[in-house]
$ cat upload-v7.pdb   # PDB, C-alpha atoms, pLDDT in the B column
MODEL        1
ATOM      1  CA  MET A1186     153.203  95.849 130.848  1.00 47.00           C
ATOM      2  CA  SER A1187     152.013  96.590 134.396  1.00 49.00           C
ATOM      3  CA  GLN A1188     148.903  94.944 135.796  1.00 52.00           C
ATOM      4  CA  LEU A1189     147.177  98.332 135.888  1.00 57.00           C
ATOM      5  CA  SER A1190     147.981  99.160 132.273  1.00 76.00           C
ATOM      6  CA  ARG A1191     146.997  95.657 131.166  1.00 76.00           C
ATOM      7  CA  LYS A1192     143.647  96.052 132.928  1.00 80.00           C
ATOM      8  CA  ALA A1193     143.153  99.417 131.261  1.00 84.00           C
ATOM      9  CA  TRP A1194     143.875  97.946 127.836  1.00 78.00           C
ATOM     10  CA  MET A1195     141.485  95.062 128.459  1.00 80.00           C
ATOM     11  CA  GLU A1196     138.784  97.519 129.430  1.00 83.00           C
ATOM     12  CA  LYS A1197     139.401  99.512 126.252  1.00 84.00           C
ATOM     13  CA  VAL A1198     139.168  96.366 124.110  1.00 82.00           C
ATOM     14  CA  ALA A1199     135.942  95.368 125.871  1.00 83.00           C
ATOM     15  CA  ALA A1200     134.482  98.839 125.339  1.00 87.00           C
ATOM     16  CA  TYR A1201     135.472  98.915 121.653  1.00 85.00           C
ATOM     17  CA  SER A1202     134.072  95.412 121.194  1.00 86.00           C
ATOM     18  CA  LYS A1203     130.750  96.508 122.664  1.00 86.00           C
ATOM     19  CA  GLU A1204     130.669  99.645 120.507  1.00 88.00           C
ATOM     20  CA  LEU A1205     131.429  97.615 117.357  1.00 86.00           C
ATOM     21  CA  ARG A1206     128.904  94.961 118.386  1.00 87.00           C
ATOM     22  CA  LEU A1207     131.384  92.125 118.753  1.00 87.00           C
ATOM     23  CA  PRO A1208     129.814  90.278 121.718  1.00 86.00           C
ATOM     24  CA  MET A1209     131.958  87.136 121.545  1.00 84.00           C
ATOM     25  CA  MET A1210     135.118  89.200 121.720  1.00 82.00           C
ATOM     26  CA  ALA A1211     133.787  91.225 124.651  1.00 80.00           C
ATOM     27  CA  GLN A1212     132.520  88.243 126.620  1.00 81.00           C
ATOM     28  CA  HIS A1213     135.459  85.896 126.118  1.00 81.00           C
ATOM     29  CA  LEU A1214     138.397  88.257 125.722  1.00 82.00           C
ATOM     30  CA  GLU A1215     140.274  87.005 128.781  1.00 85.00           C
ATOM     31  CA  THR A1216     139.927  83.391 127.633  1.00 86.00           C
ATOM     32  CA  HIS A1217     141.172  84.280 124.161  1.00 82.00           C
ATOM     33  CA  VAL A1218     144.167  86.130 125.597  1.00 85.00           C
ATOM     34  CA  GLN A1219     145.095  83.151 127.774  1.00 87.00           C
ATOM     35  CA  GLU A1220     144.733  80.824 124.793  1.00 85.00           C
ATOM     36  CA  ALA A1221     146.946  83.068 122.671  1.00 85.00           C
ATOM     37  CA  ASN A1222     149.612  83.166 125.376  1.00 87.00           C
ATOM     38  CA  GLN A1223     149.578  79.389 125.742  1.00 89.00           C
ATOM     39  CA  LEU A1224     149.938  78.921 121.995  1.00 87.00           C
ATOM     40  CA  ASP A1225     152.472  81.750 121.739  1.00 90.00           C
ATOM     41  CA  LEU A1226     150.520  83.365 118.921  1.00 87.00           C
ATOM     42  CA  CYS A1227     151.784  86.418 117.103  1.00 89.00           C
ATOM     43  CA  TYR A1228     149.589  89.517 116.851  1.00 85.00           C
ATOM     44  CA  GLU A1229     148.288  88.575 113.421  1.00 89.00           C
ATOM     45  CA  GLU A1230     147.344  85.081 114.537  1.00 88.00           C
ATOM     46  CA  PHE A1231     145.650  86.395 117.673  1.00 84.00           C
ATOM     47  CA  LEU A1232     143.604  88.898 115.651  1.00 86.00           C
ATOM     48  CA  ALA A1233     142.585  86.199 113.166  1.00 88.00           C
ATOM     49  CA  LEU A1234     141.544  83.938 116.056  1.00 85.00           C
ATOM     50  CA  LEU A1235     139.346  86.646 117.576  1.00 86.00           C
ATOM     51  CA  LEU A1236     137.683  87.445 114.262  1.00 88.00           C
ATOM     52  CA  GLN A1237     137.156  83.771 113.438  1.00 90.00           C
ATOM     53  CA  LYS A1238     135.364  83.113 116.731  1.00 87.00           C
ATOM     54  CA  GLU A1239     133.204  86.207 116.258  1.00 90.00           C
ATOM     55  CA  CYS A1240     132.355  85.142 112.718  1.00 92.00           C
ATOM     56  CA  ASP A1241     131.525  81.566 113.814  1.00 92.00           C
ATOM     57  CA  ALA A1242     129.223  82.906 116.525  1.00 91.00           C
ATOM     58  CA  ARG A1243     127.391  85.137 114.049  1.00 92.00           C
ATOM     59  CA  VAL A1244     126.926  82.306 111.582  1.00 94.00           C
ATOM     60  CA  GLU A1245     125.486  80.088 114.314  1.00 95.00           C
ATOM     61  CA  ALA A1246     123.216  82.872 115.593  1.00 94.00           C
ATOM     62  CA  ALA A1247     121.904  83.501 112.076  1.00 96.00           C
ATOM     63  CA  ARG A1248     121.265  79.778 111.578  1.00 97.00           C
ATOM     64  CA  THR A1249     119.367  79.565 114.859  1.00 97.00           C
ATOM     65  CA  SER A1250     117.348  82.645 113.935  1.00 97.00           C
ATOM     66  CA  ARG A1251     116.377  81.235 110.526  1.00 98.00           C
ATOM     67  CA  ILE A1252     115.151  78.009 112.122  1.00 98.00           C
ATOM     68  CA  ARG A1253     113.152  79.951 114.719  1.00 98.00           C
ATOM     69  CA  LEU A1254     111.577  82.230 112.117  1.00 97.00           C
ATOM     70  CA  ALA A1255     110.655  79.250 109.925  1.00 98.00           C
ATOM     71  CA  GLN A1256     108.093  78.270 112.592  1.00 97.00           C
ATOM     72  CA  PHE A1257     108.516  74.513 112.342  1.00 97.00           C
ATOM     73  CA  THR A1258     106.009  72.668 114.505  1.00 93.00           C
ATOM     74  CA  HIS A1259     108.543  69.883 115.050  1.00 92.00           C
ATOM     75  CA  LYS A1260     112.260  69.412 114.487  1.00 94.00           C
ATOM     76  CA  LYS A1261     112.566  66.427 112.146  1.00 95.00           C
ATOM     77  CA  TYR A1262     115.983  65.940 110.572  1.00 97.00           C
ATOM     78  CA  LEU A1263     116.801  64.015 107.408  1.00 97.00           C
ATOM     79  CA  GLU A1264     119.494  62.140 109.313  1.00 95.00           C
ATOM     80  CA  ASP A1265     116.785  60.570 111.490  1.00 93.00           C
ATOM     81  CA  LEU A1266     115.046  58.950 108.513  1.00 93.00           C
ATOM     82  CA  SER A1267     115.467  55.251 107.856  1.00 89.00           C
ATOM     83  CA  LEU A1268     115.978  55.285 104.098  1.00 91.00           C
ATOM     84  CA  LYS A1269     115.099  51.606 103.608  1.00 90.00           C
ATOM     85  CA  ASP A1270     111.705  52.140 105.236  1.00 90.00           C
ATOM     86  CA  LEU A1271     110.695  54.971 102.912  1.00 93.00           C
ATOM     87  CA  PRO A1272     108.607  54.357  99.769  1.00 94.00           C
ATOM     88  CA  GLU A1273     110.738  53.316  96.814  1.00 94.00           C
ATOM     89  CA  ASP A1274     110.330  56.574  94.883  1.00 97.00           C
ATOM     90  CA  ALA A1275     111.413  58.590  97.916  1.00 96.00           C
ATOM     91  CA  GLN A1276     114.502  56.417  98.307  1.00 95.00           C
ATOM     92  CA  LYS A1277     115.477  57.182  94.708  1.00 95.00           C
ATOM     93  CA  LYS A1278     114.891  60.944  94.855  1.00 97.00           C
ATOM     94  CA  LEU A1279     115.864  61.915  98.398  1.00 96.00           C
ATOM     95  CA  LYS A1280     119.600  62.063  97.715  1.00 92.00           C
ATOM     96  CA  HIS A1281     119.074  64.645  94.988  1.00 96.00           C
ATOM     97  CA  LEU A1282     116.497  66.606  96.978  1.00 98.00           C
ATOM     98  CA  GLN A1283     118.716  66.913 100.037  1.00 97.00           C
ATOM     99  CA  SER A1284     121.345  68.607  97.887  1.00 97.00           C
ATOM    100  CA  LEU A1285     118.820  71.507  97.815  1.00 98.00           C
ATOM    101  CA  THR A1286     119.435  72.083  94.125  1.00 97.00           C
ATOM    102  CA  PHE A1287     115.689  72.413  93.677  1.00 97.00           C
ATOM    103  CA  ILE A1288     115.714  75.610  95.777  1.00 98.00           C
ATOM    104  CA  ALA A1289     118.460  77.177  93.678  1.00 96.00           C
ATOM    105  CA  GLU A1290     116.438  76.239  90.579  1.00 96.00           C
ATOM    106  CA  GLY A1291     113.159  77.578  92.007  1.00 96.00           C
ATOM    107  CA  ARG A1292     111.426  74.216  91.539  1.00 97.00           C
ATOM    108  CA  ASN A1293     108.614  72.755  93.623  1.00 97.00           C
ATOM    109  CA  VAL A1294     108.522  69.410  95.398  1.00 98.00           C
ATOM    110  CA  ILE A1295     105.240  67.569  95.818  1.00 97.00           C
ATOM    111  CA  LEU A1296     105.194  64.632  98.225  1.00 98.00           C
ATOM    112  CA  SER A1297     101.999  62.703  97.557  1.00 96.00           C
ATOM    113  CA  GLY A1298     100.842  59.491  99.197  1.00 94.00           C
ATOM    114  CA  ASN A1299      98.977  57.760 101.978  1.00 92.00           C
ATOM    115  CA  PRO A1300      99.330  58.918 105.612  1.00 90.00           C
ATOM    116  CA  GLY A1301     102.290  58.000 107.783  1.00 88.00           C
ATOM    117  CA  THR A1302     104.854  57.406 105.045  1.00 93.00           C
ATOM    118  CA  GLY A1303     107.231  60.257 105.956  1.00 93.00           C
ATOM    119  CA  LYS A1304     105.956  63.160 103.855  1.00 96.00           C
ATOM    120  CA  SER A1305     106.017  65.764 106.615  1.00 95.00           C
ATOM    121  CA  HIS A1306     109.301  64.414 107.983  1.00 96.00           C
ATOM    122  CA  ILE A1307     110.983  64.822 104.601  1.00 97.00           C
ATOM    123  CA  GLY A1308     109.456  68.271 104.090  1.00 98.00           C
ATOM    124  CA  ILE A1309     110.562  69.533 107.510  1.00 98.00           C
ATOM    125  CA  GLY A1310     113.953  67.850 107.166  1.00 98.00           C
ATOM    126  CA  LEU A1311     114.587  69.592 103.854  1.00 98.00           C
ATOM    127  CA  GLY A1312     113.418  72.857 105.403  1.00 98.00           C
ATOM    128  CA  LEU A1313     115.799  72.537 108.349  1.00 98.00           C
ATOM    129  CA  ARG A1314     118.692  71.755 106.048  1.00 98.00           C
ATOM    130  CA  ALA A1315     117.789  74.782 103.933  1.00 98.00           C
ATOM    131  CA  CYS A1316     117.868  76.974 107.066  1.00 98.00           C
ATOM    132  CA  GLN A1317     121.298  75.596 107.908  1.00 97.00           C
ATOM    133  CA  GLU A1318     122.499  76.411 104.394  1.00 97.00           C
ATOM    134  CA  GLY A1319     121.360  80.034 104.602  1.00 97.00           C
ATOM    135  CA  TYR A1320     117.973  79.891 102.898  1.00 98.00           C
ATOM    136  CA  LYS A1321     114.949  81.766 104.225  1.00 98.00           C
ATOM    137  CA  VAL A1322     112.224  79.204 104.992  1.00 98.00           C
ATOM    138  CA  TRP A1323     108.642  79.236 106.257  1.00 98.00           C
ATOM    139  CA  PHE A1324     106.617  76.219 107.388  1.00 98.00           C
ATOM    140  CA  THR A1325     102.831  76.145 107.574  1.00 98.00           C
ATOM    141  CA  THR A1326      99.900  73.839 106.973  1.00 96.00           C
ATOM    142  CA  VAL A1327      97.532  74.544 104.103  1.00 95.00           C
ATOM    143  CA  PRO A1328      94.514  75.127 106.398  1.00 94.00           C
ATOM    144  CA  LEU A1329      96.518  77.565 108.554  1.00 95.00           C
ATOM    145  CA  LEU A1330      97.834  79.322 105.454  1.00 96.00           C
ATOM    146  CA  ILE A1331      94.330  79.927 104.133  1.00 95.00           C
ATOM    147  CA  ASN A1332      93.121  81.205 107.511  1.00 95.00           C
ATOM    148  CA  GLN A1333      96.101  83.550 107.767  1.00 96.00           C
ATOM    149  CA  ILE A1334      95.473  84.940 104.286  1.00 96.00           C
ATOM    150  CA  LYS A1335      91.814  85.570 105.156  1.00 95.00           C
ATOM    151  CA  GLU A1336      92.772  87.307 108.401  1.00 96.00           C
ATOM    152  CA  CYS A1337      95.319  89.504 106.614  1.00 96.00           C
ATOM    153  CA  ARG A1338      92.718  90.494 104.053  1.00 94.00           C
ATOM    154  CA  SER A1339      90.162  91.421 106.721  1.00 94.00           C
ATOM    155  CA  GLN A1340      92.834  93.432 108.573  1.00 95.00           C
ATOM    156  CA  GLN A1341      93.992  95.094 105.347  1.00 95.00           C
ATOM    157  CA  THR A1342      97.518  93.727 105.714  1.00 96.00           C
ATOM    158  CA  LEU A1343      97.318  91.316 102.787  1.00 95.00           C
ATOM    159  CA  ARG A1344      99.811  93.128 100.592  1.00 95.00           C
ATOM    160  CA  ALA A1345     102.470  93.029 103.318  1.00 96.00           C
ATOM    161  CA  PHE A1346     101.838  89.311 103.779  1.00 96.00           C
ATOM    162  CA  GLN A1347     102.103  88.707 100.032  1.00 95.00           C
ATOM    163  CA  ASN A1348     105.438  90.530  99.901  1.00 95.00           C
ATOM    164  CA  ARG A1349     106.841  88.292 102.641  1.00 95.00           C
ATOM    165  CA  PHE A1350     105.317  85.164 101.123  1.00 97.00           C
ATOM    166  CA  GLU A1351     106.893  85.849  97.733  1.00 95.00           C
ATOM    167  CA  LYS A1352     110.378  86.347  99.152  1.00 95.00           C
ATOM    168  CA  TYR A1353     110.823  83.098 101.069  1.00 98.00           C
ATOM    169  CA  ASP A1354     113.350  80.862  99.340  1.00 98.00           C
ATOM    170  CA  LEU A1355     111.277  77.879 100.455  1.00 98.00           C
ATOM    171  CA  VAL A1356     107.704  77.571 101.701  1.00 98.00           C
ATOM    172  CA  ILE A1357     106.579  74.216 103.094  1.00 98.00           C
ATOM    173  CA  ALA A1358     102.793  73.840 102.839  1.00 97.00           C
ATOM    174  CA  ASP A1359     101.918  70.716 104.790  1.00 97.00           C
ATOM    175  CA  GLU A1360      98.697  68.673 104.839  1.00 92.00           C
ATOM    176  CA  MET A1361      97.088  69.579 101.530  1.00 93.00           C
ATOM    177  CA  GLY A1362      93.837  67.638 101.318  1.00 86.00           C
ATOM    178  CA  TYR A1363      93.250  66.799 104.963  1.00 81.00           C
ATOM    179  CA  ILE A1364      90.582  69.500 105.181  1.00 79.00           C
ATOM    180  CA  SER A1365      88.511  70.807 102.270  1.00 77.00           C
ATOM    181  CA  PHE A1366      87.894  74.537 101.973  1.00 81.00           C
ATOM    182  CA  ASP A1367      85.369  76.915 100.465  1.00 87.00           C
ATOM    183  CA  LYS A1368      85.592  78.674  97.101  1.00 86.00           C
ATOM    184  CA  GLU A1369      87.145  81.759  98.676  1.00 90.00           C
ATOM    185  CA  GLY A1370      89.831  79.678 100.329  1.00 90.00           C
ATOM    186  CA  SER A1371      90.555  77.871  97.078  1.00 90.00           C
ATOM    187  CA  GLU A1372      90.953  81.140  95.194  1.00 91.00           C
ATOM    188  CA  LEU A1373      93.209  82.660  97.846  1.00 93.00           C
ATOM    189  CA  LEU A1374      95.433  79.599  97.973  1.00 93.00           C
ATOM    190  CA  PHE A1375      95.686  79.476  94.181  1.00 92.00           C
ATOM    191  CA  THR A1376      96.563  83.178  94.002  1.00 93.00           C
ATOM    192  CA  HIS A1377      99.296  83.000  96.618  1.00 94.00           C
ATOM    193  CA  LEU A1378     100.935  79.806  95.387  1.00 93.00           C
ATOM    194  CA  SER A1379     100.889  81.292  91.888  1.00 92.00           C
ATOM    195  CA  LEU A1380     102.957  84.235  93.181  1.00 90.00           C
ATOM    196  CA  ARG A1381     105.869  81.844  93.710  1.00 93.00           C
ATOM    197  CA  ALA A1382     105.439  79.647  90.629  1.00 89.00           C
ATOM    198  CA  GLY A1383     108.577  79.392  88.507  1.00 89.00           C
ATOM    199  CA  ARG A1384     110.609  81.664  90.803  1.00 93.00           C
ATOM    200  CA  LYS A1385     110.671  80.312  94.353  1.00 97.00           C
ATOM    201  CA  SER A1386     110.365  76.785  95.716  1.00 98.00           C
ATOM    202  CA  THR A1387     107.364  75.330  97.509  1.00 98.00           C
ATOM    203  CA  ILE A1388     107.139  71.897  99.108  1.00 98.00           C
ATOM    204  CA  ILE A1389     103.616  70.501  99.321  1.00 97.00           C
ATOM    205  CA  THR A1390     102.664  67.345 101.162  1.00 97.00           C
ATOM    206  CA  THR A1391      99.332  65.752 100.350  1.00 96.00           C
ATOM    207  CA  ASN A1392      97.514  62.507 101.025  1.00 93.00           C
ATOM    208  CA  LEU A1393      95.463  62.858  97.830  1.00 92.00           C
ATOM    209  CA  SER A1394      96.420  61.934  94.286  1.00 91.00           C
ATOM    210  CA  PHE A1395      96.022  64.704  91.722  1.00 91.00           C
ATOM    211  CA  GLU A1396      92.855  63.044  90.433  1.00 91.00           C
ATOM    212  CA  ARG A1397      91.243  63.762  93.811  1.00 90.00           C
ATOM    213  CA  TRP A1398      92.298  67.406  94.203  1.00 90.00           C
ATOM    214  CA  GLY A1399      88.914  68.392  92.855  1.00 88.00           C
ATOM    215  CA  GLU A1400      87.472  67.196  96.165  1.00 85.00           C
ATOM    216  CA  ILE A1401      89.194  70.044  98.015  1.00 84.00           C
ATOM    217  CA  PHE A1402      89.102  72.795  95.376  1.00 84.00           C
ATOM    218  CA  ARG A1403      85.582  72.009  94.131  1.00 82.00           C
ATOM    219  CA  ASP A1404      86.229  73.850  90.872  1.00 86.00           C
ATOM    220  CA  PRO A1405      87.473  71.769  87.911  1.00 89.00           C
ATOM    221  CA  VAL A1406      89.017  74.724  86.096  1.00 90.00           C
ATOM    222  CA  MET A1407      90.869  76.000  89.180  1.00 89.00           C
ATOM    223  CA  THR A1408      91.944  72.483  90.101  1.00 90.00           C
ATOM    224  CA  ALA A1409      93.461  71.941  86.661  1.00 93.00           C
ATOM    225  CA  ALA A1410      95.200  75.322  86.768  1.00 91.00           C
ATOM    226  CA  MET A1411      96.560  74.678  90.263  1.00 90.00           C
ATOM    227  CA  ILE A1412      97.968  71.273  89.331  1.00 92.00           C
ATOM    228  CA  ASP A1413      99.488  72.698  86.146  1.00 93.00           C
ATOM    229  CA  ARG A1414     101.218  75.553  87.997  1.00 91.00           C
ATOM    230  CA  LEU A1415     102.497  73.457  90.882  1.00 92.00           C
ATOM    231  CA  THR A1416     103.744  70.490  88.872  1.00 93.00           C
ATOM    232  CA  HIS A1417     105.462  72.379  86.042  1.00 92.00           C
ATOM    233  CA  GLN A1418     109.123  71.268  86.086  1.00 91.00           C
ATOM    234  CA  SER A1419     108.628  70.068  89.664  1.00 96.00           C
ATOM    235  CA  TYR A1420     109.882  67.044  91.565  1.00 97.00           C
ATOM    236  CA  LEU A1421     106.978  64.654  92.137  1.00 97.00           C
ATOM    237  CA  VAL A1422     107.583  62.044  94.820  1.00 97.00           C
ATOM    238  CA  ASN A1423     105.242  59.063  95.131  1.00 96.00           C
ATOM    239  CA  MET A1424     104.943  58.475  98.870  1.00 96.00           C
ATOM    240  CA  ASN A1425     102.516  55.554  98.759  1.00 94.00           C
ATOM    241  CA  GLY A1426     103.849  52.730 100.886  1.00 88.00           C
ATOM    242  CA  ASN A1427     103.870  51.174 104.323  1.00 83.00           C
ATOM    243  CA  SER A1428     103.295  53.534 107.229  1.00 77.00           C
ATOM    244  CA  TYR A1429     106.652  54.849 108.467  1.00 68.00           C
ATOM    245  CA  ARG A1430     104.905  56.329 111.494  1.00 67.00           C
ATOM    246  CA  LEU A1431     103.273  53.006 112.405  1.00 69.00           C
ATOM    247  CA  LYS A1432     106.664  51.282 112.284  1.00 68.00           C
ATOM    248  CA  GLU A1433     108.130  53.901 114.642  1.00 68.00           C
ATOM    249  CA  THR A1434     105.179  53.463 117.003  1.00 68.00           C
ATOM    250  CA  LYS A1435     105.644  49.686 117.110  1.00 70.00           C
ATOM    251  CA  GLU A1436     109.361  50.088 117.818  1.00 68.00           C
ATOM    252  CA  TRP A1437     108.624  52.556 120.606  1.00 66.00           C
ATOM    253  CA  LEU A1438     106.073  50.198 122.166  1.00 67.00           C
ATOM    254  CA  GLN A1439     108.624  47.393 122.099  1.00 71.00           C
ATOM    255  CA  THR A1440     111.161  49.531 123.953  1.00 73.00           C
ATOM    256  CA  GLN A1441     108.525  50.382 126.575  1.00 70.00           C
ATOM    257  CA  GLN A1442     107.867  46.678 127.185  1.00 68.00           C
ATOM    258  CA  LEU A1443     111.586  46.026 127.636  1.00 59.00           C
ATOM    259  CA  ASN A1444     111.948  48.724 130.308  1.00 58.00           C
TER
ENDMDL
END
$ encode --input "upload-v7.pdb" --output "structure tokens"
Amino acid sequence: MSQLSRKAWMEKVAAYSKELRLPMMAQHLETHVQEANQLDLCYEEFLALLLQKECDARVEAARTSRIRLAQFTHKKYLEDLSLKDLPEDAQKKLKHLQSLTFIAEGRNVILSGNPGTGKSHIGIGLGLRACQEGYKVWFTTVPLLINQIKECRSQQTLRAFQNRFEKYDLVIADEMGYISFDKEGSELLFTHLSLRAGRKSTIITTNLSFERWGEIFRDPVMTAAMIDRLTHQSYLVNMNGNSYRLKETKEWLQTQQLN
């Protein structure tokens, strides 16, 4: 094959790759050809190599997109947790939770306990792992969720928001109980969480025991109904224990003193 004809063929492959939306093949064709020549690959092997790299790139791009669309405020991975420093109940249940079986089953997870014990870290960590495994995830705080629902209602886009909210494989509603809300907010939150009950998974982190949820909902009947819906066949994790965050802060301060 002459240099001119080889160049022409390379240009054709690049053009076809662009038309078929195969960016990895178009961008790295020359490298792939050199690799194939070095390894003395047959045509079938070379084609499989090209398609594999394109497929790997698409999988990674989709994973990155899911994480971006989940809107995590921080990236906190399960691998960064010190299991021995977590509350005892979390130590027992984390291995099962990180298998993500609860998402396939459409079950909720409620992480309840005093501040600083790793509730948000576990919630975000499970969410990131779910994104990596192909699940559609959305992270929010309960106060932000209520405000967004109110804004959508005032802008007459509530139905579109509800459709999206129902379809997430996993919603992580962080910080339940840190801020109380009015009767309207309580009703809106109850309505939207009920849309997912028994079908899709929701992780809720809260610093209040169920006995104190009345302080934020201010309606005994709604409080009882909310607890009943959220806890039905759910994974309840007691997160009361020593502050995980305080331990990390002390360790960080020690490293600063050593530097």
$ atom_distance --input "upload-v7.pdb" --atom1 "CA of Asp1225 (chain A)" --atom2 "CA of Glu1196 (chain A)"
22.3 Å
$ residues_around --input "upload-v7.pdb" --residues "Val1244 (chain A)" --least-positions-apart "6" --cutoff "12 Å" --atoms "all atoms listed in the file" --output "list in words"
Gln1237, Lys1238, Ser1250, Arg1251, Cys1316, Gln1317, Glu1318 and Gly1319 of chain A
$ closest_residue --input "upload-v7.pdb" --among "A:Ala1246, A:Met1407, A:Met1210, A:Ala1315" --to "Ala1233 (chain A)" --atoms "only C-alpha atoms"
A:Met1210
$ closest_residue --input "upload-v7.pdb" --among "A:Phe1324, A:Tyr1262, A:Tyr1420, A:Phe1287" --to "Ala1275 (chain A)" --atoms "only C-alpha atoms"
A:Tyr1420
$ residues_around --input "upload-v7.pdb" --residues "Ala1382 (chain A)" --least-positions-apart "3" --cutoff "10 Å" --atoms "all atoms listed in the file" --output "ChimeraX atom specification"
/A:1291-1293,1351,1377-1379,1385-1387,1414-1417
$ closest_residue --input "upload-v7.pdb" --among "A:Arg1349, A:Lys1335, A:Lys1261, A:Lys1269" --to "Gly1310 (chain A)" --atoms "only C-alpha atoms"
A:Lys1261
$ residues_around --input "upload-v7.pdb" --residues "Lys1192 (chain A)" --least-positions-apart "6" --cutoff "12 Å" --atoms "all atoms listed in the file" --output "ChimeraX atom specification"
/A:1186,1198-1199,1214-1215
$ closest_residue --input "upload-v7.pdb" --among "A:Arg1403, A:Arg1344, A:Lys1203, A:Arg1314" --to "Ser1284 (chain A)" --atoms "all atoms listed in the file"
A:Arg1314
$ atom_distance --input "upload-v7.pdb" --atom1 "CA of Gly1303 (chain A)" --atom2 "CA of Ser1428 (chain A)"
7.9 Å
$ atom_distance --input "upload-v7.pdb" --atom1 "CA of Arg1384 (chain A)" --atom2 "CA of Phe1350 (chain A)"
12.1 Å
$ residues_around --input "upload-v7.pdb" --residues "His1213 (chain A)" --least-positions-apart "4" --cutoff "10 Å" --atoms "all atoms listed in the file" --output "PyMOL selection string"
chain A and resi 1199+1208-1209+1217-1218+1235+1238
$ closest_residue --input "upload-v7.pdb" --among "A:Asn1332, A:Thr1391, A:Ile1288, A:Thr1302" --to "Asp1270 (chain A)" --atoms "all atoms listed in the file"
A:Thr1302
$ residues_near_point --input "upload-v7.pdb" --point "(103.5, 87.6, 104.2)" --cutoff "12 Å" --atoms "only C-alpha atoms" --output "tab-separated table (two decimals) with C-alpha atoms, in the frame of the given file"
chain	number	residue	atom	x	y	z
A	1323	TRP	CA	108.64	79.24	106.26
A	1325	THR	CA	102.83	76.14	107.57
A	1330	LEU	CA	97.83	79.32	105.45
A	1331	ILE	CA	94.33	79.93	104.13
A	1333	GLN	CA	96.10	83.55	107.77
A	1334	ILE	CA	95.47	84.94	104.29
A	1335	LYS	CA	91.81	85.57	105.16
A	1336	GLU	CA	92.77	87.31	108.40
A	1337	CYS	CA	95.32	89.50	106.61
A	1338	ARG	CA	92.72	90.49	104.05
A	1342	THR	CA	97.52	93.73	105.71
A	1343	LEU	CA	97.32	91.32	102.79
A	1344	ARG	CA	99.81	93.13	100.59
A	1345	ALA	CA	102.47	93.03	103.32
A	1346	PHE	CA	101.84	89.31	103.78
A	1347	GLN	CA	102.10	88.71	100.03
A	1348	ASN	CA	105.44	90.53	99.90
A	1349	ARG	CA	106.84	88.29	102.64
A	1350	PHE	CA	105.32	85.16	101.12
A	1351	GLU	CA	106.89	85.85	97.73
A	1352	LYS	CA	110.38	86.35	99.15
A	1353	TYR	CA	110.82	83.10	101.07
A	1356	VAL	CA	107.70	77.57	101.70
A	1377	HIS	CA	99.30	83.00	96.62
A	1380	LEU	CA	102.96	84.24	93.18
$ resolve_selection --input "upload-v7.pdb" --expression "the PyMOL selection byres ((chain A and resi 1362-1368) around 7)" --output "JSON, numbers by chain"
{"A": [1328, 1360, 1361, 1369, 1370, 1371, 1372, 1391, 1392, 1393, 1401, 1402]}
$ residues_around --input "upload-v7.pdb" --residues "Leu1268 (chain A)" --least-positions-apart "6" --cutoff "12 Å" --atoms "only C-alpha atoms" --output "compact mmCIF listing (two decimals) with C-alpha atoms, keeping the file's coordinate frame"
# COMPACT_ATOMS: atom_id res chain seq x y z
CA ASP A 1274 110.33 56.57 94.88
CA ALA A 1275 111.41 58.59 97.92
CA GLN A 1276 114.50 56.42 98.31
CA LYS A 1277 115.48 57.18 94.71
CA LYS A 1278 114.89 60.94 94.86
CA LEU A 1279 115.86 61.92 98.40
CA LYS A 1280 119.60 62.06 97.72
CA THR A 1302 104.85 57.41 105.04
CA GLY A 1303 107.23 60.26 105.96
CA HIS A 1306 109.30 64.41 107.98
CA ILE A 1307 110.98 64.82 104.60
CA TYR A 1429 106.65 54.85 108.47
